[in-house]
Amino acid sequence: MVEAMNEFGVLYNDEARLYFQTNGFLETGSLNLVTGIYLDYRLLDTLFEAGILLVAVSGVSWIAQHDHIEHNPLFMLDRFKIPELFVSIARVLYPIVLLFGIYVVFNGHLAPGGGFQGGSILATALLILYYIDLNKKTNLTRIFFIEKVLYLLLLLISSLSFFTRGFLFTNVVSPDMGVAWQSVFLITLNVLIGAKVALGLTAIFIAFLKEGR
Amino acid sequence: MNPYVTLIIILVGLYGLISSTNIIKSVFMATMIESGVILLFLNLGTWNGGVIPITSDVSLAIVDPIPQALMITTIVIGSTVTSLALIISIKIFHHHGSIEWKDLKR
Amino acid sequence: MNILPIVWVFLPIITAIIMFMVKPNWIHGLVFPLQAILLLLFILYIGHLRAFPEDALLVFGGYADWIGISFYADALNLTFVGLTIVMFFIIMYYSFKANRKEKKYFFFLTFLEGVFIGLLMTNDLFNLFVFLELTSLLVTILIAYRKAEQSLKAGLQYLLISSVAAMLYLIGVMLIYYLFGTINIRLVAEMMSTYEDTMLMRVAYGLMMAAWMVKGAVFPVYAWLPKAHGVAQSSISALLSGLIVKVSLYLIMRLHGDMFGQPYGFDQVFFVLGFVSGGLGVLFAMTQKDIKQVLAYHTISQVGLMMIGISFGSGNSYVGGVLHLLNHALFKGLLFLAAGVIIKVYNTKKVYEIRGLFQTMPWTATLFLVGILGITGAPFFNGYVSKTMIKYAFADDALWMILFQAINVGTMISFSKLLVMFTGQPKAGIDVGKSSFRQHLPMTLMAILMLAIGLFYQPIIQTLYGFTAYDVHIGSLASLVDYVLYFSLGLTLYYGVIRKDAKPFQQIRDFTISFPSLNVWLLAVVLVFLGLTLR
């Protein structure tokens, strides 16, 4: 099996894979080892990935703002009409996609999925709403505010493990308290990340759609 | 996918960056390079008989979960970079009325 | 106590978010207590590290260090972190009054500080990639902040080329993980000597180094730097030239020096590239007519000088290169900030339209003059110390010494052009009230620091690096005479040759590399590096 992973005659270094195979489930409490990695072993990467979404949302909305110094703005929105068929199908699709997104977020630690994947699906669901009604009013300031509160909550919950276990950025509950309690932490983080990603991607899309107006 | 095929994707992306005169094409080629690198990374540690790493059985030989976890982060980063590049391109179009690289020199 | 490095990373980020969420504008004043707290924590951590040196490695989550993410502190990155805190304080103080109503400006700037400290402290290759992309994104937004035509274009080019370079770096990380099974820099450095030299390792090395060439604006992939630094706001230009472009040198020292152990004779490659970069930088800087472009092209040349110093790996030249890094942050920052004030007051960027500086703004003019003295290497200032120390290793080799002195003369020529601004009669209608005391205070601080490093360099280097620098004879008559001679050579060359503005110089001034050609150069660099390593 390991010989099959031979590239250019050099053997693949197997140590990390064996470590996760034997200890992954015991230490993190999640069946999905990939979720275990990005929510426990490498939680810091995830925090900054959520951070980059935050920065991108603010950056895109700042650059997209209309400044009255442009020479020939050409807004696509003024000459775009949504077909009726799309609106009808979208009305059926919206609750299905929403439900599926929530399912993927909640089951991130048991099946393929997780915060980022489920968040993208949720964002798709929210964007269908925008396609149905192009002039939908949104309060972007409120979205930004909620997003930042979510990020601060994410930071807070990730650092709680410093007080319960003495190490930063790992599971609040230690492995000997059982898988059920460990999953609470994983589900909470997945929900926060999913909500944050959904709001962030929706905000970026709104900035593109409204083109600064 | 075969690692050699993904190398071809990356090289095509690099060639596209060199030869595209259109700003949107350059952004798209940069995205293509990112996708190529992500696919190349996902080739690590997998083989044809491996088990998906969603199991609590310690005796099954799982594929390596670390490249997959790293690539989740990379995909998000790639998409945010693309979105920022695209919004800047739209603003350049609003300013200059043209979307070619050579029309931007004053 | 040993978790302080991560506190340095998150404290600015949390402050940035709080500043964005709270509505009133006086909350922006929060940046100053933030910097004070950071400085205090920094000093506390250094004291703690002296007492408990095993606390330098901080692994998150309590896992084994080859599985989890870790931060590592040593003399190299701690000096950078100190420089970061000082530079950000200066920039924030300088731009506070002009931007005090703009929430997003402070949000991005403070977030950048946190992310940059994280980039310096991290010990994990993939974490480095995440921080690198975050820095590129934030720097792009700050370059394109005013949304003028040229800044949007410069920002876009920087973002795209930076992203491609980061992807090349990521392929290198992937190959390292394939070979070693871990992406912890210190562990890979320890394991490197026991591993045989395979083709994959060479490809990884070549790709990583090509990525740093782009980020550091070394010849031939330097074209994004004059565009980006020339059109950004002055405070952002100072930050970019002073700090952000140096991170590539730090990473070369980390990856090429510590992790790979200076392999494949690349020391010579960096040495030669440093000279080429240095020479081309001053050649371009001599011919420009715009103040900021002169300063921006000159940064390329100084980064080349730093690479010359760093390529030696140890000894006087190496410490000279690292010291030049700190010094250049100070004097290039001072020059950009002073240029910002001058441009604001005179309302023009062209050098020949600005006259009579000593009459209208004597204090700013003195500070600008101090910056010029520092950057050209006058004795008693810090530039002299670092340039003399860099020369140490090849002082016997005539060819390189002549080239090095030629680069120095080139520096003096380009700054003689700026000396023109001090004399003559100013145009009518200059409103001096546009500058404020708040902008002069940080610049004065930088000038004082420059003088201090120049005079007391030996104890400073001793505490920072535990290295006894050789005596550069600051007070000797020979060095003063040397400097005056070179400066007069520079002045005569300037008035005799450059002032005439002959055809070749006009062509050099208008020489720009478009974005597709920049990618051609990038591909060329990647192929050349791969060819050099795989031979």
# chains A, B, ... in the order shown; residues from 1 in each chain; ligands from 1

call {"tool": "select_by_dssp", "arguments": {"residues": "segment 1-101 of chain B", "states": "alpha helix (DSSP H)", "output": "JSON, numbers by chain"}}
result
{"B": [3, 4, 5, 6, 7, 8, 9, 10, 11, 12, 13, 14, 15, 16, 17, 18, 19, 23, 24, 25, 26, 27, 28, 29, 30, 31, 32, 33, 34, 35, 36, 37, 38, 39, 40, 41, 42, 65, 66, 67, 68, 69, 70, 71, 72, 73, 74, 75, 76, 77, 78, 79, 80, 81, 82, 83, 84, 85, 86, 87, 88, 89, 90, 91, 92, 93, 94, 95, 96]}

call {"tool": "write_last_selection", "arguments": {"atoms": "C-alpha atoms", "output": "PDB file, in the first residue's frame"}}
result
ATOM      1  CA  PRO B   3      -0.325  14.479 -10.400  1.00  0.00           C
ATOM      2  CA  TYR B   4       1.045  14.969 -13.893  1.00  0.00           C
ATOM      3  CA  VAL B   5      -2.302  16.164 -15.185  1.00  0.00           C
ATOM      4  CA  THR B   6      -2.499  18.762 -12.422  1.00  0.00           C
ATOM      5  CA  LEU B   7       0.997  19.929 -13.344  1.00  0.00           C
ATOM      6  CA  ILE B   8      -0.314  20.544 -16.839  1.00  0.00           C
ATOM      7  CA  ILE B   9      -3.142  22.639 -15.367  1.00  0.00           C
ATOM      8  CA  ILE B  10      -0.623  24.765 -13.454  1.00  0.00           C
ATOM      9  CA  LEU B  11       1.550  25.232 -16.533  1.00  0.00           C
ATOM     10  CA  VAL B  12      -1.438  26.217 -18.640  1.00  0.00           C
ATOM     11  CA  GLY B  13      -2.344  28.747 -15.978  1.00  0.00           C
ATOM     12  CA  LEU B  14       1.168  30.206 -16.031  1.00  0.00           C
ATOM     13  CA  TYR B  15       1.123  30.409 -19.798  1.00  0.00           C
ATOM     14  CA  GLY B  16      -2.245  32.106 -19.611  1.00  0.00           C
ATOM     15  CA  LEU B  17      -0.897  34.730 -17.220  1.00  0.00           C
ATOM     16  CA  ILE B  18       1.934  35.492 -19.601  1.00  0.00           C
ATOM     17  CA  SER B  19      -0.156  35.786 -22.713  1.00  0.00           C
ATOM     18  CA  ILE B  23      -7.459  41.841 -16.976  1.00  0.00           C
ATOM     19  CA  ILE B  24     -10.283  39.406 -16.282  1.00  0.00           C
ATOM     20  CA  LYS B  25      -8.375  36.692 -18.115  1.00  0.00           C
ATOM     21  CA  SER B  26      -5.342  37.291 -15.905  1.00  0.00           C
ATOM     22  CA  VAL B  27      -7.469  36.982 -12.781  1.00  0.00           C
ATOM     23  CA  PHE B  28      -9.009  33.820 -14.125  1.00  0.00           C
ATOM     24  CA  MET B  29      -5.621  32.329 -14.924  1.00  0.00           C
ATOM     25  CA  ALA B  30      -4.422  33.072 -11.383  1.00  0.00           C
ATOM     26  CA  THR B  31      -7.493  31.229 -10.102  1.00  0.00           C
ATOM     27  CA  MET B  32      -6.639  28.352 -12.396  1.00  0.00           C
ATOM     28  CA  ILE B  33      -3.152  28.126 -10.922  1.00  0.00           C
ATOM     29  CA  GLU B  34      -4.708  28.001  -7.471  1.00  0.00           C
ATOM     30  CA  SER B  35      -7.069  25.217  -8.472  1.00  0.00           C
ATOM     31  CA  GLY B  36      -4.195  23.326 -10.015  1.00  0.00           C
ATOM     32  CA  VAL B  37      -2.122  23.583  -6.839  1.00  0.00           C
ATOM     33  CA  ILE B  38      -5.066  22.458  -4.717  1.00  0.00           C
ATOM     34  CA  LEU B  39      -5.613  19.417  -6.919  1.00  0.00           C
ATOM     35  CA  LEU B  40      -1.895  18.647  -6.831  1.00  0.00           C
ATOM     36  CA  PHE B  41      -1.923  18.769  -3.047  1.00  0.00           C
ATOM     37  CA  LEU B  42      -4.942  16.498  -2.818  1.00  0.00           C
ATOM     38  CA  PRO B  65      -6.269  13.651   6.249  1.00  0.00           C
ATOM     39  CA  ILE B  66      -3.757  16.471   6.600  1.00  0.00           C
ATOM     40  CA  PRO B  67      -3.598  17.581   2.937  1.00  0.00           C
ATOM     41  CA  GLN B  68      -7.383  17.675   2.846  1.00  0.00           C
ATOM     42  CA  ALA B  69      -7.611  19.840   5.965  1.00  0.00           C
ATOM     43  CA  LEU B  70      -4.952  22.219   4.632  1.00  0.00           C
ATOM     44  CA  MET B  71      -6.760  22.486   1.329  1.00  0.00           C
ATOM     45  CA  ILE B  72     -10.020  23.543   2.978  1.00  0.00           C
ATOM     46  CA  THR B  73      -8.180  26.617   4.191  1.00  0.00           C
ATOM     47  CA  THR B  74      -6.500  27.155   0.833  1.00  0.00           C
ATOM     48  CA  ILE B  75      -9.759  27.050  -1.085  1.00  0.00           C
ATOM     49  CA  VAL B  76     -11.290  29.734   1.124  1.00  0.00           C
ATOM     50  CA  ILE B  77      -8.181  31.895   0.808  1.00  0.00           C
ATOM     51  CA  GLY B  78      -8.156  31.444  -2.971  1.00  0.00           C
ATOM     52  CA  SER B  79     -11.779  32.452  -3.292  1.00  0.00           C
ATOM     53  CA  THR B  80     -11.310  35.602  -1.211  1.00  0.00           C
ATOM     54  CA  VAL B  81      -8.272  36.656  -3.247  1.00  0.00           C
ATOM     55  CA  THR B  82     -10.246  36.101  -6.451  1.00  0.00           C
ATOM     56  CA  SER B  83     -13.192  38.134  -5.185  1.00  0.00           C
ATOM     57  CA  LEU B  84     -10.953  41.059  -4.229  1.00  0.00           C
ATOM     58  CA  ALA B  85      -9.136  40.931  -7.566  1.00  0.00           C
ATOM     59  CA  LEU B  86     -12.445  40.908  -9.430  1.00  0.00           C
ATOM     60  CA  ILE B  87     -13.913  43.862  -7.585  1.00  0.00           C
ATOM     61  CA  ILE B  88     -10.746  45.863  -8.264  1.00  0.00           C
ATOM     62  CA  SER B  89     -11.022  44.925 -11.963  1.00  0.00           C
ATOM     63  CA  ILE B  90     -14.602  46.189 -12.026  1.00  0.00           C
ATOM     64  CA  LYS B  91     -13.478  49.472 -10.514  1.00  0.00           C
ATOM     65  CA  ILE B  92     -10.678  49.775 -13.064  1.00  0.00           C
ATOM     66  CA  PHE B  93     -13.274  49.260 -15.802  1.00  0.00           C
ATOM     67  CA  HIS B  94     -15.417  51.995 -14.325  1.00  0.00           C
ATOM     68  CA  HIS B  95     -12.463  54.359 -14.285  1.00  0.00           C
ATOM     69  CA  HIS B  96     -10.913  53.673 -17.659  1.00  0.00           C
TER      70      HIS B  96
END

call {"tool": "interface_residues", "arguments": {"of": "chain C", "to": "chain B", "cutoff": "8 Å", "atoms": "only C-alpha atoms", "output": "list in words"}}
result
Phe126, Val130, Glu133, Leu137, Glu149, Leu152, Lys153, Leu156, Leu159, Leu160, Ser163, Val164, Met167, Leu170, Ile171, Met174, Tyr178, Ser514, Phe515, Pro516, Ser517, Leu518, Asn519, Val520 and Leu523 of chain C

call {"tool": "atom_distance", "arguments": {"atom1": "atom CA of Lys97 of chain C", "atom2": "atom CA of Leu445 of chain C"}}
result
17.7 Å

call {"tool": "closest_atom_pairs", "arguments": {"of": "chain A", "to": "chain C", "cutoff": "6 Å", "atoms": "only C-alpha atoms", "output": "JSON lines"}}
result
{"residue": "A:Tyr12", "atom": "CA", "partner": "C:Tyr178", "partner_atom": "CA", "distance": 5.6}
{"residue": "A:Asn13", "atom": "CA", "partner": "C:Gly181", "partner_atom": "CA", "distance": 5.1}
{"residue": "A:Glu15", "atom": "CA", "partner": "C:Gly181", "partner_atom": "CA", "distance": 5.9}
{"residue": "A:Ala16", "atom": "CA", "partner": "C:Gly181", "partner_atom": "CA", "distance": 5.7}
{"residue": "A:Tyr41", "atom": "CA", "partner": "C:Gly68", "partner_atom": "CA", "distance": 5.4}
{"residue": "A:Phe167", "atom": "CA", "partner": "C:Gly61", "partner_atom": "CA", "distance": 5.1}
{"residue": "A:Leu168", "atom": "CA", "partner": "C:Gly61", "partner_atom": "CA", "distance": 5.4}
{"residue": "A:Phe169", "atom": "CA", "partner": "C:Gly61", "partner_atom": "CA", "distance": 5.5}
{"residue": "A:Thr170", "atom": "CA", "partner": "C:Gly61", "partner_atom": "CA", "distance": 4.8}

call {"tool": "closest_residue", "arguments": {"among": "A:Val191, A:Leu127, A:Leu160, A:Val197", "to": "chain B", "atoms": "only C-alpha atoms"}}
result
A:Val197

call {"tool": "residues_around", "arguments": {"residues": "segment 171-173 of chain A", "least_positions_apart": "4", "cutoff": "12 Å", "atoms": "only C-alpha atoms", "output": "PyMOL selection string"}}
result
(chain A and resi 27-30+36-43+156-167+177-189) or (chain C and resi 60-63)

call {"tool": "write_last_selection", "arguments": {"atoms": "N, CA and C atoms", "output": "CSV table (one decimal), in the first residue's frame"}}
result
chain,number,residue,atom,x,y,z
A,27,GLU,N,-8.4,11.5,20.5
A,27,GLU,CA,-8.0,12.8,21.1
A,27,GLU,C,-9.0,13.9,20.7
A,28,THR,N,-9.7,13.8,19.6
A,28,THR,CA,-10.6,14.9,19.2
A,28,THR,C,-12.0,14.6,19.4
A,29,GLY,N,-12.4,13.3,19.4
A,29,GLY,CA,-13.8,13.0,19.6
A,29,GLY,C,-14.7,13.1,18.3
A,30,SER,N,-14.0,13.3,17.2
A,30,SER,CA,-14.9,13.4,15.9
A,30,SER,C,-14.5,12.3,15.0
A,36,GLY,N,-11.6,16.9,12.6
A,36,GLY,CA,-10.8,16.9,13.8
A,36,GLY,C,-9.5,17.7,13.7
A,37,ILE,N,-8.9,17.6,12.5
A,37,ILE,CA,-7.7,18.3,12.3
A,37,ILE,C,-8.0,19.8,12.3
A,38,TYR,N,-8.9,20.3,11.4
A,38,TYR,CA,-9.0,21.7,11.4
A,38,TYR,C,-9.8,22.3,12.5
A,39,LEU,N,-10.4,21.5,13.4
A,39,LEU,CA,-11.0,22.1,14.5
A,39,LEU,C,-10.3,21.8,15.8
A,40,ASP,N,-9.2,21.0,15.8
A,40,ASP,CA,-8.5,20.7,17.0
A,40,ASP,C,-7.0,20.9,16.9
A,41,TYR,N,-6.4,20.1,16.0
A,41,TYR,CA,-5.0,20.1,15.9
A,41,TYR,C,-4.5,21.5,15.3
A,42,ARG,N,-5.3,21.9,14.3
A,42,ARG,CA,-4.8,23.1,13.6
A,42,ARG,C,-5.9,24.2,13.7
A,43,LEU,N,-6.4,24.4,14.9
A,43,LEU,CA,-7.4,25.4,15.1
A,43,LEU,C,-7.0,26.8,14.7
A,156,LEU,N,-13.3,33.6,21.3
A,156,LEU,CA,-13.5,33.4,22.8
A,156,LEU,C,-13.6,31.9,23.1
A,157,ILE,N,-14.5,31.2,22.3
A,157,ILE,CA,-14.7,29.8,22.6
A,157,ILE,C,-13.4,29.0,22.3
A,158,SER,N,-12.6,29.4,21.3
A,158,SER,CA,-11.4,28.7,21.1
A,158,SER,C,-10.4,28.9,22.2
A,159,SER,N,-10.4,30.0,22.8
A,159,SER,CA,-9.4,30.2,23.9
A,159,SER,C,-9.9,29.7,25.2
A,160,LEU,N,-11.2,29.3,25.3
A,160,LEU,CA,-11.6,28.8,26.6
A,160,LEU,C,-10.8,27.6,27.1
A,161,SER,N,-10.3,26.8,26.2
A,161,SER,CA,-9.6,25.7,26.6
A,161,SER,C,-8.3,26.0,27.4
A,162,PHE,N,-7.9,27.3,27.4
A,162,PHE,CA,-6.7,27.6,28.2
A,162,PHE,C,-7.1,27.5,29.7
A,163,PHE,N,-8.4,27.8,30.0
A,163,PHE,CA,-8.7,27.8,31.4
A,163,PHE,C,-9.1,26.4,31.9
A,164,THR,N,-9.7,25.6,31.0
A,164,THR,CA,-10.1,24.3,31.4
A,164,THR,C,-9.0,23.2,31.3
A,165,ARG,N,-8.1,23.4,30.3
A,165,ARG,CA,-7.1,22.3,30.1
A,165,ARG,C,-5.7,22.8,30.1
A,166,GLY,N,-5.5,24.1,30.2
A,166,GLY,CA,-4.2,24.7,30.3
A,166,GLY,C,-3.5,24.9,28.9
A,167,PHE,N,-4.1,24.5,27.8
A,167,PHE,CA,-3.5,24.7,26.5
A,167,PHE,C,-4.5,25.6,25.7
A,177,MET,N,-13.6,12.8,29.1
A,177,MET,CA,-15.0,13.0,29.5
A,177,MET,C,-16.0,12.5,28.5
A,178,GLY,N,-15.5,11.8,27.5
A,178,GLY,CA,-16.4,11.2,26.6
A,178,GLY,C,-16.6,11.9,25.3
A,179,VAL,N,-17.0,11.1,24.3
A,179,VAL,CA,-17.2,11.7,23.0
A,179,VAL,C,-18.3,12.7,22.9
A,180,ALA,N,-19.4,12.4,23.6
A,180,ALA,CA,-20.6,13.2,23.6
A,180,ALA,C,-20.3,14.6,23.9
A,181,TRP,N,-19.6,14.8,25.0
A,181,TRP,CA,-19.2,16.2,25.5
A,181,TRP,C,-18.3,16.9,24.5
A,182,GLN,N,-17.4,16.1,23.9
A,182,GLN,CA,-16.4,16.7,23.0
A,182,GLN,C,-17.1,17.2,21.8
A,183,SER,N,-18.2,16.5,21.4
A,183,SER,CA,-18.9,16.9,20.2
A,183,SER,C,-19.6,18.2,20.3
A,184,VAL,N,-19.9,18.6,21.6
A,184,VAL,CA,-20.6,19.9,21.8
A,184,VAL,C,-19.7,21.0,21.3
A,185,PHE,N,-18.4,20.9,21.7
A,185,PHE,CA,-17.5,21.9,21.2
A,185,PHE,C,-17.4,22.0,19.7
A,186,LEU,N,-17.3,20.8,19.1
A,186,LEU,CA,-17.2,20.7,17.6
A,186,LEU,C,-18.4,21.3,16.9
A,187,ILE,N,-19.6,20.9,17.5
A,187,ILE,CA,-20.8,21.4,16.8
A,187,ILE,C,-20.9,22.9,16.9
A,188,THR,N,-20.6,23.4,18.1
A,188,THR,CA,-20.6,24.9,18.3
A,188,THR,C,-19.7,25.6,17.4
A,189,LEU,N,-18.5,25.1,17.3
A,189,LEU,CA,-17.5,25.8,16.3
A,189,LEU,C,-18.0,25.7,14.9
C,60,PHE,N,0.6,24.9,20.2
C,60,PHE,CA,-0.8,25.1,20.6
C,60,PHE,C,-1.5,23.7,20.8
C,61,GLY,N,-2.4,23.7,21.7
C,61,GLY,CA,-3.2,22.5,21.9
C,61,GLY,C,-2.5,21.4,22.8
C,62,GLY,N,-1.3,21.7,23.2
C,62,GLY,CA,-0.7,20.7,24.0
C,62,GLY,C,-0.3,19.4,23.3
C,63,TYR,N,-0.3,19.4,21.9
C,63,TYR,CA,0.1,18.2,21.2
C,63,TYR,C,1.6,18.2,21.0

call {"tool": "residues_around", "arguments": {"residues": "Ile62 of chain B", "least_positions_apart": "2", "cutoff": "12 Å", "atoms": "only C-alpha atoms", "output": "ChimeraX atom specification"}}
result
/A:1-2,14,16-22,24,32-34 /B:45-60,64-66

call {"tool": "closest_residue", "arguments": {"among": "A:Phe208, A:Leu11, A:Ile132, A:Thr35", "to": "Pro112 of chain A", "atoms": "only C-alpha atoms"}}
result
A:Thr35

call {"tool": "residues_around", "arguments": {"residues": "Ala195 of chain A", "least_positions_apart": "2", "cutoff": "9 Å", "atoms": "only C-alpha atoms", "output": "tab-separated table (two decimals) with N, CA and C atoms, in the first residue's frame"}}
result
chain	number	residue	atom	x	y	z
A	115	GLY	N	-18.01	23.28	8.87
A	115	GLY	CA	-18.37	24.69	8.88
A	115	GLY	C	-18.24	25.35	7.53
A	118	GLY	N	-20.61	23.70	4.74
A	118	GLY	CA	-22.00	24.02	4.99
A	118	GLY	C	-22.28	25.50	4.86
A	119	GLY	N	-21.32	26.31	5.23
A	119	GLY	CA	-21.50	27.75	5.11
A	119	GLY	C	-21.65	28.17	3.67
A	122	LEU	N	-25.12	27.29	2.58
A	122	LEU	CA	-26.06	28.26	3.12
A	122	LEU	C	-26.01	29.58	2.36
A	123	ALA	N	-24.78	29.97	1.99
A	123	ALA	CA	-24.66	31.22	1.23
A	123	ALA	C	-25.38	31.09	-0.11
A	147	GLU	N	-21.37	39.66	11.81
A	147	GLU	CA	-20.21	38.85	11.43
A	147	GLU	C	-19.06	39.05	12.41
A	150	LEU	N	-19.75	37.32	15.62
A	150	LEU	CA	-19.52	35.88	15.48
A	150	LEU	C	-18.04	35.55	15.56
A	190	ASN	N	-18.52	24.53	14.53
A	190	ASN	CA	-18.98	24.38	13.15
A	190	ASN	C	-20.13	25.32	12.86
A	191	VAL	N	-21.06	25.47	13.82
A	191	VAL	CA	-22.20	26.37	13.59
A	191	VAL	C	-21.72	27.80	13.44
A	192	LEU	N	-20.80	28.21	14.33
A	192	LEU	CA	-20.29	29.59	14.25
A	192	LEU	C	-19.59	29.84	12.92
A	193	ILE	N	-18.73	28.87	12.54
A	193	ILE	CA	-17.99	29.06	11.29
A	193	ILE	C	-18.96	29.07	10.12
A	197	VAL	N	-19.28	32.13	7.55
A	197	VAL	CA	-18.96	31.99	6.13
A	197	VAL	C	-20.16	32.36	5.27
A	198	ALA	N	-21.35	31.92	5.70
A	198	ALA	CA	-22.55	32.23	4.92
A	198	ALA	C	-22.76	33.73	4.83
A	199	LEU	N	-22.67	34.41	5.99
A	199	LEU	CA	-22.87	35.87	5.97
A	199	LEU	C	-21.79	36.56	5.14
A	200	GLY	N	-20.56	36.07	5.28
A	200	GLY	CA	-19.46	36.72	4.57
A	200	GLY	C	-19.61	36.61	3.07

call {"tool": "atom_distance", "arguments": {"atom1": "atom CA of Gly242 of chain C", "atom2": "atom CA of Leu83 of chain C"}}
result
9.6 Å
